[in-house]
2 protein chains.
Amino acid sequence: MYPARFETLIRQLEKLPGVGAKSAQRYAFSMLNYPEEAIDEYIDALKGLKEIGKCKRCGFISDEEYCPLCKDKSRDDSIIMVVAYDQDVVAIEKTETYHGLYHVLGGVISSSKGIYPEDLNIEKLLLRIDESIKEVIIATSPTMDGEMTALYLDKILKEKQVLVTRLAHGLPMGASLDYADELTLIKAMNNRRKMED
Amino acid sequence: MYPARFETLIRQLEKLPGVGAKSAQRYAFSMLNYPEEAIDEYIDALKGLKEIGKCKRCGFISDEEYCPLCKDKSRDDSIIMVVAYDQDVVAIEKTETYHGLYHVLGGVISSSKGIYPEDLNIEKLLLRIDESIKEVIIATSPTMDGEMTALYLDKILKEKQVLVTRLAHGLPMGASLDYADELTLIKAMNNRRKMED
């Protein structure tokens, strides 16, 4: 009933994760009101998608051979933080407190989803470990699969004689203690630290 | 940090209603995995957006002068159903029980949002009313603004000596009575009907 290409747009929007028929329609109608420049920018961005690949070194999304983080000479290349997804790099970068490099796995080991170590960007990580690397920080999420992945990486990285660390677990800042789940509370108690004066 | 055109894509997706920075990122990453044909279809659909306008007669979204519904000679052109949005036409059409024509207002009167009768597609509705029109069904939503719009339309349409009806209000089918709000229950009681044998 809608114009054919409008239907196509709705169908494409329906493919987005978590977007159903209703939302896709709402999105498409809102796009009708976009100014022409916005549409052109959008089209250009979609065209650009075809050229996007991964950084040869760390696996982070990039449209060049190496990503800007790996190319940045001011960063400390003796520390590698291992994350599951590209978005995690952006989250860590926003803190503006980490100045080492990254390695993006492209997921986590998950027996339920059938994702095994060989499906992840692990081989290239091992190739990056030499005597110049002082520390590998494992920054997978504290979920079941994230923990499994961290344990696996810890095991194979220790064979390389490198210091392996893991992001701390505990109460999230600003959250109320009685809202924390039991596991978080147990982690927070076990990992308690002496107050600094 | 992301490739420039990928950032543009995220920014464009963030403009969609109810989509925040996190969802926009998630959407953009999922689009990385689209096959090339899907991207091309998407681009084509976006190009088509510029050609989309409104049906000259009923105001429904159309890329031609008249929409397929107005052009369909098999439909009963003596009944007009007045709806607020294009999406409402699609919802009614899905029922496959209405065979008259439509009139899309493009919104509802809302003093809080500063939308007045002159902002809506009402003038053209009045021009459509002549002796050939047997009934105008007002199908705005049973919200405060929808009711206000219905009352306003009823007033001005009655001057045209045409039968004006309103969609029934009552309990939604399949819903549990104790989940219905008070206003709906009151409407359902007031509009009760004799059981058919």
# chains A, B, ... in the order shown; residues from 1 in each chain; ligands from 1
$ interface_residues --of "chain B" --to "chain A" --cutoff "9 Å" --atoms "only C-alpha atoms" --output "count of residues only"
50
$ select_by_dssp --residues "segment 6-168 of chain A" --states "strand (DSSP E)" --output "CSV table (one decimal) with all heavy atoms, in the first residue's frame"
chain,number,residue,atom,x,y,z
A,53,GLY,N,36.7,-2.5,7.0
A,53,GLY,CA,37.2,-3.8,7.4
A,53,GLY,C,37.7,-3.7,8.8
A,53,GLY,O,37.2,-3.0,9.7
A,54,LYS,N,38.8,-4.5,9.1
A,54,LYS,CA,39.4,-4.5,10.4
A,54,LYS,C,40.8,-4.1,10.4
A,54,LYS,O,41.5,-4.4,9.4
A,54,LYS,CB,39.3,-5.9,11.0
A,54,LYS,CG,37.8,-6.3,11.4
A,54,LYS,CD,37.7,-7.8,11.8
A,54,LYS,CE,36.3,-8.1,12.0
A,54,LYS,NZ,35.5,-7.2,12.9
A,61,ILE,N,37.5,-2.0,14.1
A,61,ILE,CA,36.9,-1.6,12.9
A,61,ILE,C,37.8,-0.5,12.2
A,61,ILE,O,38.2,0.5,12.9
A,61,ILE,CB,35.5,-1.1,13.1
A,61,ILE,CG1,34.8,-0.6,11.9
A,61,ILE,CG2,35.4,-0.1,14.2
A,61,ILE,CD1,33.3,-0.3,12.1
A,62,SER,N,38.0,-0.5,10.9
A,62,SER,CA,38.9,0.5,10.3
A,62,SER,C,38.7,0.4,8.8
A,62,SER,O,38.4,-0.6,8.2
A,62,SER,CB,40.3,0.2,10.6
A,62,SER,OG,41.2,1.1,10.0
A,76,ASP,N,51.1,3.8,24.5
A,76,ASP,CA,52.1,2.9,25.1
A,76,ASP,C,51.9,1.5,24.5
A,76,ASP,O,50.9,0.8,24.8
A,76,ASP,CB,51.8,2.8,26.6
A,76,ASP,CG,52.7,1.9,27.3
A,76,ASP,OD1,53.5,1.1,26.7
A,76,ASP,OD2,52.7,1.8,28.6
A,77,ASP,N,52.8,1.1,23.6
A,77,ASP,CA,52.6,-0.2,22.9
A,77,ASP,C,53.1,-1.4,23.7
A,77,ASP,O,53.3,-2.5,23.2
A,77,ASP,CB,53.2,-0.2,21.5
A,77,ASP,CG,54.7,0.2,21.5
A,77,ASP,OD1,55.2,0.2,22.6
A,77,ASP,OD2,55.2,0.3,20.4
A,78,SER,N,53.3,-1.2,25.0
A,78,SER,CA,53.8,-2.4,25.8
A,78,SER,C,52.6,-3.0,26.6
A,78,SER,O,52.7,-3.9,27.3
A,78,SER,CB,54.9,-2.0,26.8
A,78,SER,OG,54.4,-1.1,27.8
A,79,ILE,N,51.4,-2.3,26.5
A,79,ILE,CA,50.2,-2.9,27.2
A,79,ILE,C,49.1,-3.1,26.1
A,79,ILE,O,48.9,-2.3,25.3
A,79,ILE,CB,49.7,-1.8,28.2
A,79,ILE,CG1,50.8,-1.3,29.1
A,79,ILE,CG2,48.5,-2.5,29.0
A,79,ILE,CD1,50.3,-0.4,30.2
A,80,ILE,N,48.5,-4.3,26.2
A,80,ILE,CA,47.4,-4.6,25.3
A,80,ILE,C,46.2,-4.9,26.2
A,80,ILE,O,46.2,-5.7,27.1
A,80,ILE,CB,47.7,-5.8,24.5
A,80,ILE,CG1,48.9,-5.6,23.6
A,80,ILE,CG2,46.5,-6.2,23.6
A,80,ILE,CD1,49.4,-6.8,22.8
A,81,MET,N,45.1,-4.2,25.9
A,81,MET,CA,43.8,-4.5,26.5
A,81,MET,C,42.9,-5.3,25.6
A,81,MET,O,42.7,-4.9,24.4
A,81,MET,CB,43.0,-3.3,26.9
A,81,MET,CG,41.8,-3.6,27.8
A,81,MET,SD,40.8,-2.2,28.3
A,81,MET,CE,41.9,-1.3,29.4
A,82,VAL,N,42.5,-6.5,26.0
A,82,VAL,CA,41.8,-7.4,25.2
A,82,VAL,C,40.3,-7.2,25.5
A,82,VAL,O,39.8,-7.4,26.6
A,82,VAL,CB,42.1,-8.9,25.4
A,82,VAL,CG1,41.4,-9.8,24.5
A,82,VAL,CG2,43.6,-9.1,25.2
A,83,VAL,N,39.5,-6.8,24.4
A,83,VAL,CA,38.1,-6.6,24.6
A,83,VAL,C,37.3,-7.5,23.6
A,83,VAL,O,37.9,-8.0,22.7
A,83,VAL,CB,37.7,-5.1,24.4
A,83,VAL,CG1,38.3,-4.2,25.4
A,83,VAL,CG2,38.0,-4.7,22.9
A,100,GLY,N,47.2,2.5,26.5
A,100,GLY,CA,47.9,1.4,25.8
A,100,GLY,C,47.2,1.1,24.5
A,100,GLY,O,46.4,1.9,24.0
A,101,LEU,N,47.4,-0.1,24.0
A,101,LEU,CA,46.8,-0.5,22.7
A,101,LEU,C,45.6,-1.5,23.1
A,101,LEU,O,45.4,-1.9,24.2
A,101,LEU,CB,47.8,-1.2,21.8
A,101,LEU,CG,48.9,-0.3,21.3
A,101,LEU,CD1,49.9,-1.0,20.4
A,101,LEU,CD2,48.4,1.0,20.6
A,102,TYR,N,44.9,-2.0,22.0
A,102,TYR,CA,43.8,-2.9,22.2
A,102,TYR,C,44.0,-4.1,21.4
A,102,TYR,O,44.8,-4.2,20.5
A,102,TYR,CB,42.5,-2.2,21.8
A,102,TYR,CG,42.1,-1.1,22.7
A,102,TYR,CD1,42.5,0.3,22.4
A,102,TYR,CD2,41.3,-1.3,23.8
A,102,TYR,CE1,42.1,1.3,23.2
A,102,TYR,CE2,40.9,-0.2,24.6
A,102,TYR,CZ,41.3,1.1,24.3
A,102,TYR,OH,40.9,2.1,25.1
A,103,HIS,N,43.2,-5.1,21.7
A,103,HIS,CA,43.0,-6.2,20.8
A,103,HIS,C,41.5,-6.6,20.9
A,103,HIS,O,41.0,-6.9,21.9
A,103,HIS,CB,43.9,-7.4,21.2
A,103,HIS,CG,44.0,-8.4,20.1
A,103,HIS,ND1,44.9,-8.3,19.1
A,103,HIS,CD2,43.3,-9.5,19.8
A,103,HIS,CE1,44.7,-9.3,18.2
A,103,HIS,NE2,43.8,-10.1,18.7
A,104,VAL,N,40.8,-6.6,19.7
A,104,VAL,CA,39.4,-6.9,19.7
A,104,VAL,C,39.2,-8.3,19.2
A,104,VAL,O,39.5,-8.7,18.1
A,104,VAL,CB,38.7,-5.9,18.7
A,104,VAL,CG1,37.2,-6.2,18.7
A,104,VAL,CG2,39.0,-4.5,19.1
A,135,GLU,N,52.2,-6.1,29.7
A,135,GLU,CA,51.0,-6.5,30.4
A,135,GLU,C,49.9,-6.7,29.4
A,135,GLU,O,49.8,-6.0,28.4
A,135,GLU,CB,50.6,-5.4,31.4
A,135,GLU,CG,49.3,-5.8,32.2
A,135,GLU,CD,48.9,-4.6,33.2
A,135,GLU,OE1,49.7,-3.7,33.3
A,135,GLU,OE2,47.9,-4.8,33.8
A,136,VAL,N,49.1,-7.8,29.7
A,136,VAL,CA,47.8,-7.9,28.9
A,136,VAL,C,46.7,-7.8,29.8
A,136,VAL,O,46.6,-8.6,30.8
A,136,VAL,CB,47.8,-9.3,28.1
A,136,VAL,CG1,46.5,-9.5,27.4
A,136,VAL,CG2,49.0,-9.4,27.2
A,137,ILE,N,45.8,-6.8,29.6
A,137,ILE,CA,44.6,-6.6,30.5
A,137,ILE,C,43.4,-7.3,29.8
A,137,ILE,O,43.1,-6.9,28.7
A,137,ILE,CB,44.3,-5.1,30.7
A,137,ILE,CG1,45.6,-4.4,31.2
A,137,ILE,CG2,43.1,-5.0,31.6
A,137,ILE,CD1,45.4,-2.9,31.2
A,138,ILE,N,42.8,-8.3,30.5
A,138,ILE,CA,41.6,-8.9,29.9
A,138,ILE,C,40.4,-8.1,30.4
A,138,ILE,O,40.1,-8.0,31.5
A,138,ILE,CB,41.5,-10.4,30.3
A,138,ILE,CG1,42.8,-11.0,29.8
A,138,ILE,CG2,40.3,-11.0,29.6
A,138,ILE,CD1,42.9,-12.5,30.0
A,163,LEU,N,52.6,-10.8,31.9
A,163,LEU,CA,51.7,-10.5,33.0
A,163,LEU,C,50.3,-10.3,32.5
A,163,LEU,O,50.0,-9.5,31.6
A,163,LEU,CB,52.1,-9.2,33.7
A,163,LEU,CG,51.2,-8.6,34.7
A,163,LEU,CD1,51.1,-9.5,35.9
A,163,LEU,CD2,51.6,-7.2,35.1
A,164,VAL,N,49.4,-11.1,33.0
A,164,VAL,CA,48.0,-11.1,32.6
A,164,VAL,C,47.1,-10.5,33.7
A,164,VAL,O,47.2,-11.0,34.8
A,164,VAL,CB,47.4,-12.5,32.2
A,164,VAL,CG1,46.0,-12.3,31.7
A,164,VAL,CG2,48.3,-13.1,31.1
A,165,THR,N,46.4,-9.5,33.5
A,165,THR,CA,45.5,-8.9,34.5
A,165,THR,C,44.0,-8.9,34.0
A,165,THR,O,43.8,-9.1,32.9
A,165,THR,CB,45.9,-7.5,34.9
A,165,THR,OG1,45.8,-6.7,33.8
A,165,THR,CG2,47.3,-7.4,35.5
A,166,ARG,N,43.1,-8.6,35.0
A,166,ARG,CA,41.7,-8.7,34.6
A,166,ARG,C,41.1,-7.4,35.3
A,166,ARG,O,41.5,-7.0,36.4
A,166,ARG,CB,41.1,-9.9,35.2
A,166,ARG,CG,39.6,-10.1,35.1
A,166,ARG,CD,39.2,-11.1,34.0
A,166,ARG,NE,37.8,-11.4,33.9
A,166,ARG,CZ,37.0,-10.7,33.1
A,166,ARG,NH1,37.5,-9.7,32.3
A,166,ARG,NH2,35.7,-11.0,33.0
$ residues_around --residues "Asn121 of chain A" --least-positions-apart "2" --cutoff "8 Å" --atoms "only C-alpha atoms" --output "PyMOL selection string"
chain A and resi 59+104-106+118-119+123-125
$ atom_distance --atom1 "atom CA of Gly107 of chain B" --atom2 "atom CA of Cys58 of chain B"
13.6 Å
$ atom_distance --atom1 "atom CA of Ser112 of chain A" --atom2 "atom CA of Asp145 of chain A"
9.2 Å
$ select_by_dssp --residues "segment 7-47 of chain A" --states "helix (DSSP H, G or I)" --output "ChimeraX atom specification"
/A:7-14,21-32,36-47
$ write_last_selection --atoms "N, CA and C atoms" --output "short mmCIF file (atom, residue, chain, number, x, y, z; two decimals), in the first residue's frame"
data_model
loop_
_atom_site.label_atom_id
_atom_site.label_comp_id
_atom_site.auth_asym_id
_atom_site.auth_seq_id
_atom_site.Cartn_x
_atom_site.Cartn_y
_atom_site.Cartn_z
N GLU A 7 8.33 0.84 1.24
CA GLU A 7 8.20 -0.51 1.81
C GLU A 7 9.59 -1.14 1.96
N THR A 8 10.44 -0.94 0.95
CA THR A 8 11.80 -1.48 1.01
C THR A 8 12.54 -0.91 2.21
N LEU A 9 12.39 0.39 2.40
CA LEU A 9 13.06 1.05 3.53
C LEU A 9 12.59 0.43 4.84
N ILE A 10 11.28 0.23 4.97
CA ILE A 10 10.73 -0.38 6.19
C ILE A 10 11.33 -1.78 6.38
N ARG A 11 11.38 -2.56 5.29
CA ARG A 11 11.93 -3.92 5.39
C ARG A 11 13.39 -3.90 5.83
N GLN A 12 14.15 -2.93 5.31
CA GLN A 12 15.56 -2.85 5.70
C GLN A 12 15.69 -2.47 7.18
N LEU A 13 14.85 -1.55 7.62
CA LEU A 13 14.92 -1.10 9.02
C LEU A 13 14.49 -2.22 9.97
N GLU A 14 13.60 -3.08 9.50
CA GLU A 14 13.14 -4.21 10.31
C GLU A 14 14.27 -5.19 10.62
N ALA A 21 8.15 -4.57 13.33
CA ALA A 21 7.44 -3.93 12.23
C ALA A 21 6.99 -2.51 12.60
N LYS A 22 6.48 -2.35 13.81
CA LYS A 22 5.97 -1.05 14.23
C LYS A 22 7.07 0.01 14.30
N SER A 23 8.18 -0.36 14.94
CA SER A 23 9.29 0.60 15.06
C SER A 23 9.85 0.94 13.70
N ALA A 24 9.97 -0.08 12.84
CA ALA A 24 10.53 0.16 11.51
C ALA A 24 9.67 1.17 10.75
N GLN A 25 8.35 1.04 10.87
CA GLN A 25 7.45 2.01 10.23
C GLN A 25 7.66 3.41 10.79
N ARG A 26 7.77 3.45 12.13
CA ARG A 26 7.94 4.75 12.79
C ARG A 26 9.24 5.40 12.33
N TYR A 27 10.30 4.57 12.24
CA TYR A 27 11.60 5.09 11.79
C TYR A 27 11.48 5.62 10.36
N ALA A 28 10.84 4.81 9.50
CA ALA A 28 10.75 5.21 8.09
C ALA A 28 10.00 6.53 7.94
N PHE A 29 8.90 6.66 8.71
CA PHE A 29 8.14 7.91 8.62
C PHE A 29 8.96 9.10 9.12
N SER A 30 9.76 8.87 10.16
CA SER A 30 10.55 9.99 10.65
C SER A 30 11.60 10.39 9.62
N MET A 31 12.07 9.40 8.83
CA MET A 31 13.08 9.71 7.81
C MET A 31 12.50 10.51 6.66
N LEU A 32 11.18 10.45 6.49
CA LEU A 32 10.52 11.26 5.45
C LEU A 32 10.77 12.75 5.69
N GLU A 36 17.26 17.07 2.76
CA GLU A 36 17.92 16.36 1.67
C GLU A 36 19.40 16.08 1.96
N GLU A 37 20.08 17.01 2.62
CA GLU A 37 21.51 16.80 2.92
C GLU A 37 21.69 15.60 3.84
N ALA A 38 20.77 15.44 4.79
CA ALA A 38 20.88 14.32 5.72
C ALA A 38 20.75 13.00 4.98
N ILE A 39 19.81 12.96 4.03
CA ILE A 39 19.62 11.75 3.23
C ILE A 39 20.89 11.45 2.44
N ASP A 40 21.47 12.51 1.85
CA ASP A 40 22.68 12.32 1.05
C ASP A 40 23.83 11.82 1.93
N GLU A 41 23.94 12.36 3.12
CA GLU A 41 24.98 11.93 4.06
C GLU A 41 24.79 10.46 4.42
N TYR A 42 23.53 10.12 4.63
CA TYR A 42 23.15 8.76 5.00
C TYR A 42 23.55 7.80 3.87
N ILE A 43 23.20 8.17 2.64
CA ILE A 43 23.52 7.35 1.48
C ILE A 43 25.04 7.17 1.37
N ASP A 44 25.77 8.27 1.59
CA ASP A 44 27.22 8.23 1.50
C ASP A 44 27.79 7.30 2.58
N ALA A 45 27.20 7.36 3.77
CA ALA A 45 27.67 6.51 4.87
C ALA A 45 27.44 5.04 4.53
N LEU A 46 26.28 4.75 3.93
CA LEU A 46 25.98 3.36 3.56
C LEU A 46 26.95 2.87 2.50
N LYS A 47 27.28 3.76 1.54
CA LYS A 47 28.26 3.38 0.53
C LYS A 47 29.60 3.06 1.17
#
$ atom_distance --atom1 "atom CA of Ile122 of chain B" --atom2 "atom CA of Ala139 of chain B"
14.0 Å
$ decode --residues "segment 8-19 of chain B" --atoms "all heavy atoms" --output "mmCIF file, in the first residue's frame"
data_model
loop_
_atom_site.group_PDB
_atom_site.id
_atom_site.type_symbol
_atom_site.label_atom_id
_atom_site.label_comp_id
_atom_site.auth_asym_id
_atom_site.auth_seq_id
_atom_site.Cartn_x
_atom_site.Cartn_y
_atom_site.Cartn_z
ATOM 1 N N THR B 8 29.274 8.824 10.771
ATOM 2 C CA THR B 8 28.135 9.507 10.135
ATOM 3 C C THR B 8 26.897 8.627 10.191
ATOM 4 O O THR B 8 25.804 9.088 10.507
ATOM 5 C CB THR B 8 28.451 9.808 8.648
ATOM 6 O OG1 THR B 8 29.695 10.484 8.589
ATOM 7 C CG2 THR B 8 27.361 10.640 8.014
ATOM 8 N N LEU B 9 27.097 7.344 9.901
ATOM 9 C CA LEU B 9 25.978 6.411 9.933
ATOM 10 C C LEU B 9 25.372 6.361 11.340
ATOM 11 O O LEU B 9 24.155 6.429 11.501
ATOM 12 C CB LEU B 9 26.458 5.018 9.503
ATOM 13 C CG LEU B 9 25.389 3.935 9.440
ATOM 14 C CD1 LEU B 9 24.317 4.292 8.423
ATOM 15 C CD2 LEU B 9 26.007 2.587 9.079
ATOM 16 N N ILE B 10 26.232 6.281 12.353
ATOM 17 C CA ILE B 10 25.745 6.257 13.739
ATOM 18 C C ILE B 10 24.961 7.531 14.038
ATOM 19 O O ILE B 10 23.864 7.492 14.589
ATOM 20 C CB ILE B 10 26.915 6.086 14.736
ATOM 21 C CG1 ILE B 10 27.573 4.716 14.550
ATOM 22 C CG2 ILE B 10 26.442 6.260 16.181
ATOM 23 C CD1 ILE B 10 28.834 4.501 15.377
ATOM 24 N N ARG B 11 25.514 8.669 13.604
ATOM 25 C CA ARG B 11 24.832 9.961 13.853
ATOM 26 C C ARG B 11 23.471 9.995 13.183
ATOM 27 O O ARG B 11 22.502 10.507 13.751
ATOM 28 C CB ARG B 11 25.675 11.121 13.324
ATOM 29 C CG ARG B 11 26.580 11.753 14.373
ATOM 30 C CD ARG B 11 26.894 13.216 14.033
ATOM 31 N NE ARG B 11 27.052 13.459 12.617
ATOM 32 C CZ ARG B 11 28.154 13.213 11.901
ATOM 33 N NH1 ARG B 11 29.216 12.710 12.496
ATOM 34 N NH2 ARG B 11 28.201 13.482 10.625
ATOM 35 N N GLN B 12 23.379 9.450 11.963
ATOM 36 C CA GLN B 12 22.093 9.435 11.265
ATOM 37 C C GLN B 12 21.102 8.532 11.987
ATOM 38 O O GLN B 12 19.929 8.860 12.116
ATOM 39 C CB GLN B 12 22.255 8.968 9.813
ATOM 40 C CG GLN B 12 22.995 9.953 8.922
ATOM 41 C CD GLN B 12 22.253 11.277 8.768
ATOM 42 O OE1 GLN B 12 21.064 11.359 9.030
ATOM 43 N NE2 GLN B 12 22.971 12.308 8.371
ATOM 44 N N LEU B 13 21.579 7.384 12.446
ATOM 45 C CA LEU B 13 20.687 6.436 13.127
ATOM 46 C C LEU B 13 20.215 6.998 14.463
ATOM 47 O O LEU B 13 19.112 6.708 14.910
ATOM 48 C CB LEU B 13 21.393 5.089 13.314
ATOM 49 C CG LEU B 13 21.613 4.287 12.022
ATOM 50 C CD1 LEU B 13 22.624 3.173 12.239
ATOM 51 C CD2 LEU B 13 20.307 3.705 11.513
ATOM 52 N N GLU B 14 21.046 7.815 15.090
ATOM 53 C CA GLU B 14 20.675 8.441 16.370
ATOM 54 C C GLU B 14 19.488 9.385 16.226
ATOM 55 O O GLU B 14 18.833 9.704 17.207
ATOM 56 C CB GLU B 14 21.857 9.255 16.922
ATOM 57 C CG GLU B 14 22.743 8.476 17.861
ATOM 58 C CD GLU B 14 23.920 9.320 18.313
ATOM 59 O OE1 GLU B 14 23.943 10.531 18.010
ATOM 60 O OE2 GLU B 14 24.820 8.780 18.948
ATOM 61 N N LYS B 15 19.260 9.853 14.989
ATOM 62 C CA LYS B 15 18.146 10.789 14.780
ATOM 63 C C LYS B 15 16.797 10.087 14.777
ATOM 64 O O LYS B 15 15.758 10.738 14.836
ATOM 65 C CB LYS B 15 18.318 11.490 13.424
ATOM 66 C CG LYS B 15 19.447 12.493 13.396
ATOM 67 C CD LYS B 15 19.417 13.221 12.063
ATOM 68 C CE LYS B 15 20.737 13.912 11.793
ATOM 69 N NZ LYS B 15 20.902 14.212 10.366
ATOM 70 N N LEU B 16 16.780 8.750 14.662
ATOM 71 C CA LEU B 16 15.513 8.028 14.627
ATOM 72 C C LEU B 16 14.812 8.176 15.974
ATOM 73 O O LEU B 16 15.461 8.248 17.013
ATOM 74 C CB LEU B 16 15.753 6.549 14.320
ATOM 75 C CG LEU B 16 16.362 6.247 12.952
ATOM 76 C CD1 LEU B 16 16.692 4.765 12.833
ATOM 77 C CD2 LEU B 16 15.413 6.655 11.833
ATOM 78 N N PRO B 17 13.468 8.216 15.963
ATOM 79 C CA PRO B 17 12.744 8.464 17.215
ATOM 80 C C PRO B 17 12.995 7.366 18.251
ATOM 81 O O PRO B 17 12.853 6.179 17.951
ATOM 82 C CB PRO B 17 11.269 8.497 16.776
ATOM 83 C CG PRO B 17 11.235 7.796 15.461
ATOM 84 C CD PRO B 17 12.571 8.028 14.821
ATOM 85 N N GLY B 18 13.388 7.771 19.446
ATOM 86 C CA GLY B 18 13.592 6.823 20.535
ATOM 87 C C GLY B 18 14.896 6.053 20.458
ATOM 88 O O GLY B 18 15.110 5.125 21.241
ATOM 89 N N VAL B 19 15.781 6.411 19.540
ATOM 90 C CA VAL B 19 17.055 5.705 19.407
ATOM 91 C C VAL B 19 18.167 6.543 20.037
ATOM 92 O O VAL B 19 18.360 7.697 19.667
ATOM 93 C CB VAL B 19 17.374 5.420 17.923
ATOM 94 C CG1 VAL B 19 18.762 4.813 17.777
ATOM 95 C CG2 VAL B 19 16.325 4.493 17.332
#
